[in-house]
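The file work-v3.cif contains mmCIF, C-alpha atoms and all ligand atoms:
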data_target
loop_
_atom_site.label_atom_id
_atom_site.label_comp_id
_atom_site.auth_asym_id
_atom_site.auth_seq_id
_atom_site.Cartn_x
_atom_site.Cartn_y
_atom_site.Cartn_z
CA MET A 1 40.96 35.09 -28.76
CA ALA A 2 41.47 35.45 -32.50
CA TYR A 3 39.25 38.52 -32.85
CA GLU A 4 41.00 40.37 -30.02
CA THR A 5 44.35 39.83 -31.73
CA ALA A 6 42.89 41.00 -35.03
CA LYS A 7 41.38 44.06 -33.37
CA MET A 8 44.81 45.00 -32.06
CA ALA A 9 46.47 44.43 -35.41
CA PHE A 10 44.00 46.82 -37.06
CA ALA A 11 44.29 49.30 -34.20
CA GLU A 12 48.04 49.60 -34.86
CA TRP A 13 47.07 51.00 -38.25
CA GLY A 14 44.55 53.35 -36.67
CA ILE A 15 41.58 51.24 -37.78
CA ASP A 16 38.69 50.72 -35.38
CA THR A 17 37.20 47.27 -36.04
CA GLU A 18 34.32 47.88 -33.62
CA ALA A 19 33.23 50.96 -35.55
CA ALA A 20 33.46 48.99 -38.82
CA ILE A 21 31.36 46.14 -37.43
CA SER A 22 28.71 48.51 -36.08
CA LYS A 23 28.52 50.43 -39.35
CA LEU A 24 28.25 47.31 -41.49
CA ALA A 25 25.36 46.06 -39.36
CA THR A 26 23.32 49.09 -40.45
CA VAL A 27 23.76 48.65 -44.22
CA PRO A 28 20.80 46.92 -45.87
CA ILE A 29 21.36 45.03 -49.10
CA SER A 30 18.38 44.67 -51.41
CA MET A 31 18.44 41.04 -52.45
CA HIS A 32 16.74 40.31 -55.77
CA CYS A 33 13.90 37.78 -55.77
CA TRP A 34 14.69 36.63 -59.31
CA GLN A 35 17.80 34.60 -58.44
CA GLY A 36 15.42 32.12 -56.78
CA ASP A 37 13.50 31.05 -59.87
CA ASP A 38 15.63 32.00 -62.88
CA VAL A 39 13.61 35.17 -63.61
CA VAL A 40 10.43 33.24 -64.44
CA GLY A 41 7.89 34.87 -62.09
CA PHE A 42 4.44 33.72 -61.02
CA GLU A 43 2.09 34.76 -63.76
CA ALA A 44 -0.26 31.99 -64.88
CA GLN A 45 -0.25 30.81 -68.51
CA LYS A 46 3.27 32.03 -68.80
CA GLU A 47 4.35 32.37 -72.41
CA ALA A 48 7.58 30.53 -73.17
CA THR A 49 9.29 33.81 -73.79
CA SER A 50 12.37 35.27 -72.20
CA GLY A 51 12.61 38.47 -74.20
CA GLY A 52 14.72 41.41 -73.21
CA GLY A 53 18.06 39.67 -73.27
CA ILE A 54 17.63 38.41 -69.71
CA GLN A 55 18.77 34.84 -69.69
CA ALA A 56 19.32 32.49 -66.80
CA THR A 57 21.23 29.46 -68.03
CA GLY A 58 21.35 26.08 -66.31
CA ASN A 59 18.87 23.69 -64.75
CA HIS A 60 20.21 22.94 -61.30
CA PRO A 61 17.50 21.27 -59.21
CA GLY A 62 15.52 23.32 -56.71
CA ARG A 63 14.05 26.22 -58.67
CA ALA A 64 11.26 27.85 -56.63
CA ARG A 65 8.01 27.23 -58.50
CA ASN A 66 5.57 29.32 -56.49
CA PRO A 67 5.57 32.14 -53.93
CA ASP A 68 5.64 29.77 -50.95
CA GLU A 69 8.73 27.97 -52.21
CA LEU A 70 10.41 31.26 -53.02
CA ARG A 71 9.64 32.62 -49.55
CA ALA A 72 10.95 29.45 -47.89
CA ASP A 73 14.18 29.76 -49.90
CA LEU A 74 14.45 33.44 -49.05
CA GLU A 75 13.91 32.81 -45.34
CA PHE A 76 16.74 30.33 -45.40
CA ALA A 77 19.00 32.66 -47.38
CA TYR A 78 18.38 35.62 -45.06
CA SER A 79 19.13 33.41 -42.06
CA MET A 80 22.60 32.83 -43.54
CA ILE A 81 23.24 36.54 -44.16
CA PRO A 82 24.21 38.70 -41.19
CA GLY A 83 22.10 41.81 -40.60
CA ARG A 84 18.66 43.06 -41.68
CA HIS A 85 18.04 43.43 -45.37
CA ARG A 86 15.52 44.06 -48.12
CA LEU A 87 13.83 42.04 -50.83
CA ASN A 88 13.68 43.40 -54.36
CA LEU A 89 10.48 42.17 -56.01
CA HIS A 90 9.55 42.32 -59.67
CA ALA A 91 5.97 42.90 -60.78
CA MET A 92 5.87 39.46 -62.42
CA TYR A 93 6.16 37.90 -58.94
CA LEU A 94 2.58 38.57 -57.92
CA ASP A 95 1.01 36.29 -55.33
CA SER A 96 -2.68 36.00 -56.14
CA ASP A 97 -5.38 33.65 -57.42
CA GLU A 98 -6.24 36.27 -60.00
CA ASN A 99 -4.16 36.56 -63.12
CA PRO A 100 -4.21 40.19 -64.16
CA ASP A 101 -2.25 41.23 -67.22
CA ARG A 102 0.60 43.61 -66.51
CA ASP A 103 -1.58 46.67 -67.15
CA ALA A 104 -4.07 45.56 -64.49
CA ILE A 105 -1.92 44.71 -61.46
CA GLU A 106 -2.90 46.20 -58.12
CA TYR A 107 -1.54 46.35 -54.60
CA LYS A 108 -3.75 43.46 -53.52
CA HIS A 109 -1.80 41.12 -55.81
CA PHE A 110 1.32 41.79 -53.75
CA SER A 111 -0.06 42.26 -50.24
CA ALA A 112 0.96 38.72 -49.25
CA TRP A 113 4.57 39.76 -49.83
CA VAL A 114 4.11 42.78 -47.58
CA ASP A 115 2.63 40.68 -44.76
CA TRP A 116 5.50 38.25 -45.03
CA ALA A 117 8.20 40.95 -45.27
CA ARG A 118 6.82 42.69 -42.21
CA GLN A 119 6.84 39.47 -40.25
CA GLN A 120 10.41 38.77 -41.38
CA GLY A 121 11.65 42.29 -40.62
CA LEU A 122 12.65 42.90 -44.25
CA GLY A 123 12.35 46.04 -46.35
CA LEU A 124 10.84 45.83 -49.85
CA ASP A 125 11.74 47.30 -53.23
CA PHE A 126 9.85 46.93 -56.49
CA ASN A 127 10.23 46.95 -60.29
CA PRO A 128 7.95 47.03 -63.30
CA SER A 129 8.56 43.95 -65.51
CA LEU A 130 8.97 45.09 -69.12
CA PHE A 131 10.14 41.77 -70.52
CA SER A 132 9.02 38.13 -70.87
CA HIS A 133 5.66 39.20 -72.25
CA PRO A 134 4.15 39.00 -75.76
CA LYS A 135 3.96 42.79 -75.91
CA ALA A 136 7.74 42.95 -75.35
CA ASP A 137 8.64 40.45 -78.05
CA ASP A 138 10.10 43.11 -80.36
CA ASN A 139 12.41 44.31 -77.56
CA LEU A 140 10.48 47.56 -77.72
CA THR A 141 8.14 48.64 -74.92
CA LEU A 142 8.04 52.25 -73.72
CA SER A 143 9.67 53.37 -76.99
CA HIS A 144 7.60 51.15 -79.31
CA PRO A 145 6.42 53.03 -82.40
CA ASP A 146 2.92 51.62 -81.80
CA GLN A 147 0.99 53.91 -79.49
CA GLY A 148 -1.13 51.02 -78.15
CA ILE A 149 1.90 49.05 -77.01
CA ARG A 150 3.45 52.12 -75.45
CA SER A 151 0.23 52.83 -73.57
CA PHE A 152 0.11 49.28 -72.25
CA TRP A 153 3.59 49.58 -70.76
CA ILE A 154 3.01 53.11 -69.50
CA GLU A 155 -0.01 51.83 -67.61
CA HIS A 156 2.03 48.94 -66.23
CA CYS A 157 4.74 51.27 -64.96
CA ARG A 158 2.23 53.73 -63.47
CA ARG A 159 0.64 50.91 -61.55
CA THR A 160 3.98 49.72 -60.22
CA ARG A 161 4.60 53.22 -58.84
CA ASP A 162 1.23 53.17 -57.07
CA ILE A 163 1.92 49.68 -55.72
CA ALA A 164 5.44 50.60 -54.62
CA ALA A 165 4.14 53.73 -52.86
CA ARG A 166 1.56 51.67 -51.00
CA ILE A 167 4.21 49.08 -50.09
CA GLY A 168 6.48 51.82 -48.77
CA ALA A 169 3.63 53.34 -46.75
CA GLU A 170 2.70 49.96 -45.28
CA MET A 171 6.31 49.14 -44.45
CA GLY A 172 7.27 52.59 -43.16
CA SER A 173 10.33 52.63 -45.40
CA PRO A 174 10.60 54.04 -48.93
CA CYS A 175 10.23 51.41 -51.64
CA VAL A 176 12.57 51.98 -54.59
CA ASN A 177 10.71 51.39 -57.86
CA ASN A 178 13.28 50.81 -60.59
CA ILE A 179 12.36 51.08 -64.25
CA TRP A 180 14.43 49.07 -66.65
CA ALA A 181 13.16 48.71 -70.23
CA PRO A 182 14.86 46.35 -72.69
CA ASP A 183 14.21 48.66 -75.65
CA GLY A 184 16.76 48.47 -78.39
CA TYR A 185 17.70 47.29 -81.84
CA LYS A 186 19.60 44.24 -82.97
CA ASP A 187 20.91 46.03 -86.04
CA THR A 188 21.80 49.64 -86.58
CA PRO A 189 18.69 51.81 -86.33
CA ILE A 190 18.03 54.64 -88.76
CA ASP A 191 16.39 56.97 -86.27
CA ARG A 192 17.77 56.74 -82.74
CA MET A 193 16.42 60.15 -81.86
CA ALA A 194 12.82 59.16 -82.60
CA ALA A 195 13.13 56.11 -80.35
CA ARG A 196 14.69 58.16 -77.56
CA ALA A 197 12.05 60.86 -77.87
CA ARG A 198 9.34 58.20 -77.52
CA LEU A 199 11.05 56.72 -74.47
CA GLU A 200 11.32 60.13 -72.87
CA GLU A 201 7.69 60.96 -73.57
CA SER A 202 6.55 57.62 -72.10
CA LEU A 203 8.67 58.06 -68.99
CA ASP A 204 7.27 61.56 -68.49
CA LEU A 205 3.77 60.09 -68.57
CA VAL A 206 4.76 57.31 -66.17
CA LEU A 207 6.33 59.72 -63.68
CA ALA A 208 3.70 62.46 -63.95
CA LYS A 209 1.96 61.56 -60.69
CA LYS A 210 3.77 62.84 -57.60
CA HIS A 211 4.37 60.41 -54.77
CA ASP A 212 5.68 61.01 -51.28
CA PRO A 213 9.43 60.18 -51.29
CA ALA A 214 8.95 58.79 -47.80
CA HIS A 215 6.99 55.98 -49.47
CA MET A 216 8.43 55.55 -52.95
CA LEU A 217 11.59 56.50 -54.80
CA ASP A 218 11.78 56.32 -58.61
CA ALA A 219 14.88 54.91 -60.24
CA VAL A 220 15.79 54.44 -63.91
CA GLU A 221 18.32 51.87 -65.14
CA SER A 222 20.52 52.35 -68.19
CA LYS A 223 22.18 49.74 -70.38
CA LEU A 224 24.71 49.70 -73.19
CA PHE A 225 23.91 46.48 -75.01
CA GLY A 226 22.32 43.08 -74.63
CA ILE A 227 21.57 39.93 -76.53
CA GLY A 228 19.22 40.97 -79.33
CA VAL A 229 19.95 44.64 -78.81
CA GLU A 230 23.58 44.74 -79.86
CA ALA A 231 23.38 47.83 -82.04
CA CYS A 232 21.52 50.25 -79.85
CA THR A 233 19.85 50.42 -76.47
CA VAL A 234 17.38 53.30 -76.38
CA GLY A 235 17.84 53.89 -72.63
CA SER A 236 21.61 54.26 -72.70
CA HIS A 237 23.71 55.67 -69.87
CA GLU A 238 23.76 59.17 -71.34
CA PHE A 239 20.02 59.04 -71.91
CA TYR A 240 19.22 58.09 -68.34
CA MET A 241 21.88 60.16 -66.65
CA GLY A 242 20.38 63.25 -68.23
CA TYR A 243 16.85 62.04 -67.57
CA ALA A 244 17.53 61.31 -63.90
CA ILE A 245 19.16 64.71 -63.35
CA ARG A 246 16.32 66.56 -65.09
CA ASN A 247 13.61 64.60 -63.31
CA LYS A 248 15.30 64.07 -59.95
CA THR A 249 14.99 60.30 -59.95
CA LEU A 250 17.60 57.86 -58.73
CA LEU A 251 19.96 56.57 -61.39
CA CYS A 252 20.52 52.82 -61.35
CA LEU A 253 24.00 51.68 -62.33
CA ASP A 254 24.16 47.98 -63.17
CA MET A 255 27.73 46.68 -63.28
CA GLY A 256 26.94 44.63 -66.38
CA HIS A 257 25.47 47.49 -68.37
CA PHE A 258 28.61 49.19 -69.59
CA HIS A 259 31.48 48.40 -71.85
CA PRO A 260 33.11 45.23 -70.45
CA THR A 261 36.27 47.07 -69.38
CA GLU A 262 34.37 49.89 -67.69
CA ASN A 263 33.84 49.79 -63.92
CA ILE A 264 31.02 51.78 -62.39
CA ALA A 265 33.20 52.56 -59.35
CA ASP A 266 34.70 55.56 -61.09
CA LYS A 267 31.27 56.91 -61.99
CA LEU A 268 29.92 57.08 -58.44
CA SER A 269 31.66 60.23 -57.24
CA ALA A 270 31.03 61.91 -60.60
CA ILE A 271 27.31 61.14 -60.60
CA ALA A 272 26.90 61.90 -56.91
CA LEU A 273 27.71 65.55 -57.64
CA SER A 274 24.55 65.83 -59.72
CA LEU A 275 22.21 63.34 -58.10
CA PRO A 276 21.26 63.01 -54.46
CA GLN A 277 20.74 59.26 -54.56
CA ILE A 278 22.03 56.31 -56.55
CA LEU A 279 20.79 52.74 -56.96
CA LEU A 280 23.29 49.97 -57.65
CA HIS A 281 22.73 46.66 -59.35
CA VAL A 282 25.82 44.83 -58.21
CA SER A 283 26.55 42.09 -60.69
CA ARG A 284 29.44 40.33 -62.43
CA PRO A 285 29.49 40.56 -66.19
CA MET A 286 31.67 37.99 -67.93
CA ARG A 287 32.35 39.09 -71.52
CA TRP A 288 28.79 40.40 -71.64
CA ASP A 289 25.99 41.25 -69.20
CA SER A 290 26.05 37.65 -67.99
CA ASP A 291 24.91 38.31 -64.40
CA HIS A 292 27.29 35.88 -62.70
CA VAL A 293 27.25 35.64 -58.91
CA ILE A 294 29.42 38.39 -57.49
CA LEU A 295 32.82 37.48 -56.09
CA GLN A 296 35.21 39.28 -53.77
CA ASN A 297 37.01 40.58 -56.84
CA ASP A 298 38.59 43.90 -57.71
CA ASP A 299 35.44 45.24 -59.36
CA ILE A 300 33.32 44.76 -56.27
CA MET A 301 36.07 46.01 -53.97
CA SER A 302 36.42 49.20 -56.01
CA VAL A 303 32.70 49.87 -55.76
CA ALA A 304 32.80 49.36 -51.99
CA HIS A 305 35.94 51.51 -51.76
CA GLU A 306 34.16 54.38 -53.51
CA LEU A 307 31.04 54.07 -51.38
CA ILE A 308 33.14 54.51 -48.27
CA SER A 309 35.80 56.93 -49.49
CA ALA A 310 33.23 59.26 -51.08
CA ASP A 311 30.91 58.83 -48.10
CA LEU A 312 28.06 57.64 -50.30
CA LEU A 313 26.72 54.83 -48.17
CA ASP A 314 23.84 56.89 -46.84
CA ARG A 315 22.65 57.94 -50.26
CA THR A 316 23.15 54.72 -52.19
CA CYS A 317 20.66 51.88 -52.34
CA ILE A 318 22.66 48.70 -52.80
CA GLY A 319 20.74 46.21 -54.91
CA LEU A 320 22.03 42.96 -56.37
CA ASP A 321 21.37 41.66 -59.86
CA PHE A 322 22.78 38.26 -60.71
CA PHE A 323 21.23 34.93 -61.54
CA ASP A 324 22.90 31.61 -62.07
CA ALA A 325 20.83 28.46 -62.61
CA THR A 326 23.80 26.08 -62.75
CA ILE A 327 24.35 26.15 -58.98
CA SER A 328 22.22 26.08 -55.85
CA ARG A 329 20.10 29.21 -56.09
CA THR A 330 20.04 29.73 -52.33
CA THR A 331 23.82 29.39 -52.18
CA ALA A 332 24.13 31.94 -54.98
CA TRP A 333 22.06 34.43 -52.97
CA VAL A 334 23.95 33.81 -49.73
CA ILE A 335 27.48 33.86 -51.12
CA GLY A 336 26.76 36.83 -53.40
CA THR A 337 25.11 38.93 -50.70
CA ARG A 338 27.80 38.09 -48.14
CA ASN A 339 30.43 39.05 -50.73
CA MET A 340 28.87 42.49 -51.03
CA GLN A 341 29.02 42.80 -47.25
CA LYS A 342 32.61 41.54 -47.16
CA ALA A 343 33.61 44.14 -49.74
CA LEU A 344 32.01 46.84 -47.61
CA LEU A 345 33.70 45.57 -44.48
CA ARG A 346 37.09 45.57 -46.20
CA ALA A 347 36.46 49.13 -47.31
CA LEU A 348 35.43 50.11 -43.79
CA LEU A 349 38.64 48.51 -42.48
CA THR A 350 40.86 50.78 -44.56
CA PRO A 351 43.44 53.20 -43.11
CA TRP A 352 41.77 56.17 -44.81
CA ASP A 353 43.65 58.90 -42.96
CA ARG A 354 47.07 57.54 -43.84
CA LEU A 355 46.10 56.92 -47.45
CA ARG A 356 44.49 60.31 -47.96
CA SER A 357 47.42 62.09 -46.48
CA ALA A 358 49.90 60.16 -48.66
CA GLU A 359 47.85 61.08 -51.73
CA ALA A 360 47.55 64.72 -50.68
CA ARG A 361 51.33 65.07 -50.42
CA LEU A 362 51.72 63.24 -53.74
CA ASP A 363 53.55 60.42 -52.02
CA PHE A 364 52.31 57.72 -54.37
CA THR A 365 55.01 55.36 -53.14
CA ALA A 366 53.57 55.40 -49.63
CA ARG A 367 50.06 55.11 -51.06
CA LEU A 368 51.11 51.95 -52.90
CA SER A 369 52.98 50.33 -50.03
CA LEU A 370 50.23 51.12 -47.52
CA THR A 371 47.55 49.77 -49.85
CA GLU A 372 49.38 46.53 -50.42
CA GLU A 373 50.50 45.96 -46.83
CA PHE A 374 47.18 46.53 -45.13
CA LYS A 375 45.66 43.87 -47.36
CA ASP A 376 47.49 41.37 -45.14
CA LEU A 377 45.67 42.37 -41.95
CA PRO A 378 43.46 39.59 -40.51
CA PHE A 379 40.21 40.61 -42.21
CA GLY A 380 38.73 37.11 -41.86
CA GLN A 381 38.72 37.32 -38.05
CA VAL A 382 36.72 40.53 -38.12
CA TRP A 383 34.26 39.06 -40.62
CA SER A 384 33.73 35.93 -38.54
CA GLU A 385 33.26 38.05 -35.41
CA PHE A 386 30.61 40.04 -37.31
CA CYS A 387 28.85 36.80 -38.31
CA THR A 388 28.99 35.41 -34.78
CA ARG A 389 27.58 38.58 -33.24
CA LEU A 390 24.71 38.50 -35.72
CA ASP A 391 24.06 34.81 -35.18
CA THR A 392 25.12 33.68 -38.63
CA PRO A 393 27.48 30.82 -39.45
CA CYS A 394 30.62 31.15 -41.51
CA GLY A 395 33.29 28.92 -43.01
CA LEU A 396 32.63 25.19 -42.98
CA HIS A 397 29.51 25.62 -40.83
CA LEU A 398 28.01 27.86 -43.46
CA ILE A 399 28.89 25.43 -46.23
CA ARG A 400 27.31 22.56 -44.32
CA ASP A 401 24.06 24.54 -43.81
CA LEU A 402 23.96 25.59 -47.46
CA GLU A 403 24.39 21.99 -48.61
CA THR A 404 21.76 20.69 -46.20
CA TYR A 405 19.18 23.20 -47.43
CA GLN A 406 19.93 22.46 -51.06
CA SER A 407 19.49 18.75 -50.43
CA HIS A 408 15.96 19.51 -49.16
CA VAL A 409 14.91 21.34 -52.33
CA THR A 410 16.58 19.03 -54.83
CA SER A 411 13.45 16.90 -55.16
CA ARG A 412 11.39 19.79 -56.54
CA GLY A 413 10.17 18.96 -60.03
C1 LIG A 501 18.49 43.70 -67.19
C2 LIG A 501 18.56 44.58 -65.99
C3 LIG A 501 17.47 44.43 -65.00
C4 LIG A 501 17.08 43.00 -64.77
C5 LIG A 501 16.15 42.79 -63.62
C6 LIG A 501 15.47 41.47 -63.67
O1 LIG A 501 19.59 43.76 -67.98
O2 LIG A 501 19.80 44.41 -65.36
O3 LIG A 501 17.82 45.06 -63.83
O4 LIG A 501 18.19 42.18 -64.59
O5 LIG A 501 15.27 43.84 -63.55
ZN ZN A 502 20.03 45.38 -63.47
#

Go ahead and render the structure in this file as structure tokens.
Ligand code: RNT
Ligand code: ZN
Amino acid sequence: MAYETAKMAFAEWGIDTEAAISKLATVPISMHCWQGDDVVGFEAQKEATSGGGIQATGNHPGRARNPDELRADLEFAYSMIPGRHRLNLHAMYLDSDENPDRDAIEYKHFSAWVDWARQQGLGLDFNPSLFSHPKADDNLTLSHPDQGIRSFWIEHCRRTRDIAARIGAEMGSPCVNNIWAPDGYKDTPIDRMAARARLEESLDLVLAKKHDPAHMLDAVESKLFGIGVEACTVGSHEFYMGYAIRNKTLLCLDMGHFHPTENIADKLSAIALSLPQILLHVSRPMRWDSDHVILQNDDIMSVAHELISADLLDRTCIGLDFFDATISRTTAWVIGTRNMQKALLRALLTPWDRLRSAEARLDFTARLSLTEEFKDLPFGQVWSEFCTRLDTPCGLHLIRDLETYQSHVTSRG
């Protein structure tokens, strides 16, 4: 049997494929709802605005137009992804006949998601939505010079914390509530400090209420630049790293939110010394924060490598953040999420002892030859065994199922 041969090949290197398979089965990935509908959301009378530099490009058929379609698409996607996972919801994805503005949302507007998630065996995470709204048109929200606009967004964020805490309590698993604000300036600002002071003051007000960490975990997400905010992002990496350390929140590192040649992999061990928990937005920036579907490329592998080598898996929440509207949205979810799992499996199937000992004795030659030779071990057999054990197709069977599902949603208007 192919897997048995593969297992022996890894064992020769001292790698236990059974342990890797068991470990991977316990790692939840928080899949983002917004890949399913191009970050549109379900608010009625939606303004034709896509502020905040978040842009899904393309018009492939099959966009989910309402919560039922999105849930059907998600159910299919999860059935193609081995293991038990989470759904990352944004506040603009409410499921309700009412149409509250963002400063009036309540738990009841999201309870249908909780019922569904419970029935599906999924965890839930949450986010305030500080974009695609008339009060975010200036790309200024929590740091807006106008007190009224700031108050509106502060109230929105406070409510998302209450909702997330209730979700976490209902689900019996902490709900990560991640704050990302688009605030920034297209051209060089005169007073960066004033904007950052306003952002800090607003965040302090948002986070003032204490919540049980067993129900809700706060996270803050930094960014370097974006379309429309090329000159300055108020919530930069330095801003939020300091803020998260001072306020003991999670820090969210989005792979597209740094200089294009920077990889967040190197930051993980550095940040982990000062912060107990980290949130990831695994993404693939191409020339800018383009949010392409993640591949099994070096960037993703290095992140997975660090999570395993620095033993950070248990204190990292792995979220995804990509959206591509030029391809099947369900396929994007499935391939992207499986790629994250494949990267983790490859990292778990690494001869750590040999590599660490080569590095410790400064034998960089051995480190290089080991690294390059173990890449040839039959990883694919272990991955397909993992899929089979968790009742999920792979290879051509997977592709056939993905195509069949897409053909069912193509007729959506
Ligand atoms: C935007 C941030 C943010 C969003 C989602 C929709 O640049 O990455 O995480 O993509 O919240
Ligand atoms: Zn992100």

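Shortest separation to A:Leu279 among A:Pro213, A:Gly319, A:Pro28, A:Gly256 occurs at residue A:Gly319, atoms counted being all atoms listed in the file.
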
Contacts of ligand LIG 501 (chain A), 6 Å or closer, all atoms listed in the file, given as a count of residues only: 3

Top pick for closest residue to A:His305, considering A:Trp333, A:Trp352, A:Trp383, A:Tyr405 and counting all atoms listed in the file: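 Of the candidates, the smallest distance to A:His305 is held by A:Trp352.
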
Quick one: which chain A residues come within 7 Å of ligand ZN 502 (chain A), and what is the nearest atom pair for each with the distance in Å to one decimal, counting only C-alpha atoms and all ligand atoms, rows ordered by chain and ascending number, as JSON lines?
{"residue": "A:Glu221", "atom": "CA", "partner": "A:ZN502", "partner_atom": "ZN", "distance": 6.9}
{"residue": "A:Asp254", "atom": "CA", "partner": "A:ZN502", "partner_atom": "ZN", "distance": 4.9}
{"residue": "A:His281", "atom": "CA", "partner": "A:ZN502", "partner_atom": "ZN", "distance": 5.1}
{"residue": "A:Asp321", "atom": "CA", "partner": "A:ZN502", "partner_atom": "ZN", "distance": 5.4}

Requested write-out: C-alpha atoms of the selected residues, as a PDB file, in the frame of the given file:
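Okay, this is what ended up in result-v4.pdb:
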ATOM      1  CA  GLU A 221      18.320  51.870 -65.140  1.00  0.00           C
ATOM      2  CA  ASP A 254      24.160  47.980 -63.170  1.00  0.00           C
ATOM      3  CA  HIS A 281      22.730  46.660 -59.350  1.00  0.00           C
ATOM      4  CA  ASP A 321      21.370  41.660 -59.860  1.00  0.00           C
TER       5      ASP A 321
END

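Of the residues under consideration (A:Asp183, A:Asp212, A:Glu262, A:Glu75), A:Asp183 shows the shortest atom-to-atom contact distance to A:Leu199 when counting all atoms listed in the file.
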
Shell of 9 Å around A:Ser328, all atoms listed in the file, local chain residues under 6 positions omitted, as number ranges by chain: A: 60-63, 402-403, 406

Selection near A:Asn66, 9 Å with only C-alpha atoms, sequence-local residues under 2 positions removed, as a ChimeraX atom specification: /A:37,41-42,64,68-71,93,95

Among listed residues A:Ile399, A:Leu74, A:Leu87, A:Leu253, nearest A:Val176 (using all atoms listed in the file):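 Closest candidate: A:Leu87.
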
Length of the atom CA of A:Pro260 to atom CA of A:Asp218 vector [Å]: 26.8 Å

Could you build a table of the residues in stretch 316-359 of chain A lying no more than 10 Å from stretch 3-13 of chain A, giving for each the nearest pair of atoms and their separation in Å rounded to one decimal place, using all atoms listed in the file, ordered by chain and ascending residue number, as JSON lines?
{"residue": "A:Leu349", "atom": "CA", "partner": "A:Phe10", "partner_atom": "CA", "distance": 7.8}
{"residue": "A:Thr350", "atom": "CA", "partner": "A:Trp13", "partner_atom": "CA", "distance": 8.9}
{"residue": "A:Pro351", "atom": "CA", "partner": "A:Trp13", "partner_atom": "CA", "distance": 6.5}
{"residue": "A:Trp352", "atom": "CA", "partner": "A:Trp13", "partner_atom": "CA", "distance": 9.9}
{"residue": "A:Asp353", "atom": "CA", "partner": "A:Trp13", "partner_atom": "CA", "distance": 9.8}
{"residue": "A:Arg354", "atom": "CA", "partner": "A:Trp13", "partner_atom": "CA", "distance": 8.6}

With N, CA and C atoms retained, output stretch 113-125 of chain A as a PDB file, in the first residue's frame.
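Okay, this is what ended up in part03.pdb:
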ATOM      1  N   TRP A 113     -26.654  32.144  12.522  1.00  0.00           N
ATOM      2  CA  TRP A 113     -25.319  31.604  12.224  1.00  0.00           C
ATOM      3  C   TRP A 113     -24.873  30.652  13.331  1.00  0.00           C
ATOM      4  N   VAL A 114     -25.181  31.018  14.566  1.00  0.00           N
ATOM      5  CA  VAL A 114     -24.760  30.182  15.701  1.00  0.00           C
ATOM      6  C   VAL A 114     -25.487  28.843  15.647  1.00  0.00           C
ATOM      7  N   ASP A 115     -26.790  28.881  15.382  1.00  0.00           N
ATOM      8  CA  ASP A 115     -27.553  27.621  15.292  1.00  0.00           C
ATOM      9  C   ASP A 115     -26.958  26.716  14.209  1.00  0.00           C
ATOM     10  N   TRP A 116     -26.685  27.329  13.094  1.00  0.00           N
ATOM     11  CA  TRP A 116     -26.137  26.567  11.965  1.00  0.00           C
ATOM     12  C   TRP A 116     -24.743  26.018  12.297  1.00  0.00           C
ATOM     13  N   ALA A 117     -23.885  26.872  12.864  1.00  0.00           N
ATOM     14  CA  ALA A 117     -22.506  26.450  13.168  1.00  0.00           C
ATOM     15  C   ALA A 117     -22.521  25.291  14.159  1.00  0.00           C
ATOM     16  N   ARG A 118     -23.410  25.384  15.138  1.00  0.00           N
ATOM     17  CA  ARG A 118     -23.494  24.322  16.138  1.00  0.00           C
ATOM     18  C   ARG A 118     -23.890  23.004  15.462  1.00  0.00           C
ATOM     19  N   GLN A 119     -24.866  23.102  14.591  1.00  0.00           N
ATOM     20  CA  GLN A 119     -25.339  21.905  13.900  1.00  0.00           C
ATOM     21  C   GLN A 119     -24.253  21.325  12.987  1.00  0.00           C
ATOM     22  N   GLN A 120     -23.411  22.199  12.452  1.00  0.00           N
ATOM     23  CA  GLN A 120     -22.342  21.743  11.554  1.00  0.00           C
ATOM     24  C   GLN A 120     -21.064  21.332  12.290  1.00  0.00           C
ATOM     25  N   GLY A 121     -21.024  21.597  13.603  1.00  0.00           N
ATOM     26  CA  GLY A 121     -19.800  21.290  14.353  1.00  0.00           C
ATOM     27  C   GLY A 121     -18.654  22.235  14.035  1.00  0.00           C
ATOM     28  N   LEU A 122     -18.993  23.499  13.739  1.00  0.00           N
ATOM     29  CA  LEU A 122     -17.955  24.493  13.407  1.00  0.00           C
ATOM     30  C   LEU A 122     -17.764  25.470  14.559  1.00  0.00           C
ATOM     31  N   GLY A 123     -16.566  25.999  14.727  1.00  0.00           N
ATOM     32  CA  GLY A 123     -16.364  27.116  15.642  1.00  0.00           C
ATOM     33  C   GLY A 123     -16.674  28.419  14.913  1.00  0.00           C
ATOM     34  N   LEU A 124     -16.798  29.517  15.660  1.00  0.00           N
ATOM     35  CA  LEU A 124     -17.094  30.810  15.027  1.00  0.00           C
ATOM     36  C   LEU A 124     -16.152  31.896  15.521  1.00  0.00           C
ATOM     37  N   ASP A 125     -15.722  32.745  14.601  1.00  0.00           N
ATOM     38  CA  ASP A 125     -14.983  33.961  14.941  1.00  0.00           C
ATOM     39  C   ASP A 125     -15.727  35.144  14.343  1.00  0.00           C
TER      40      ASP A 125
END
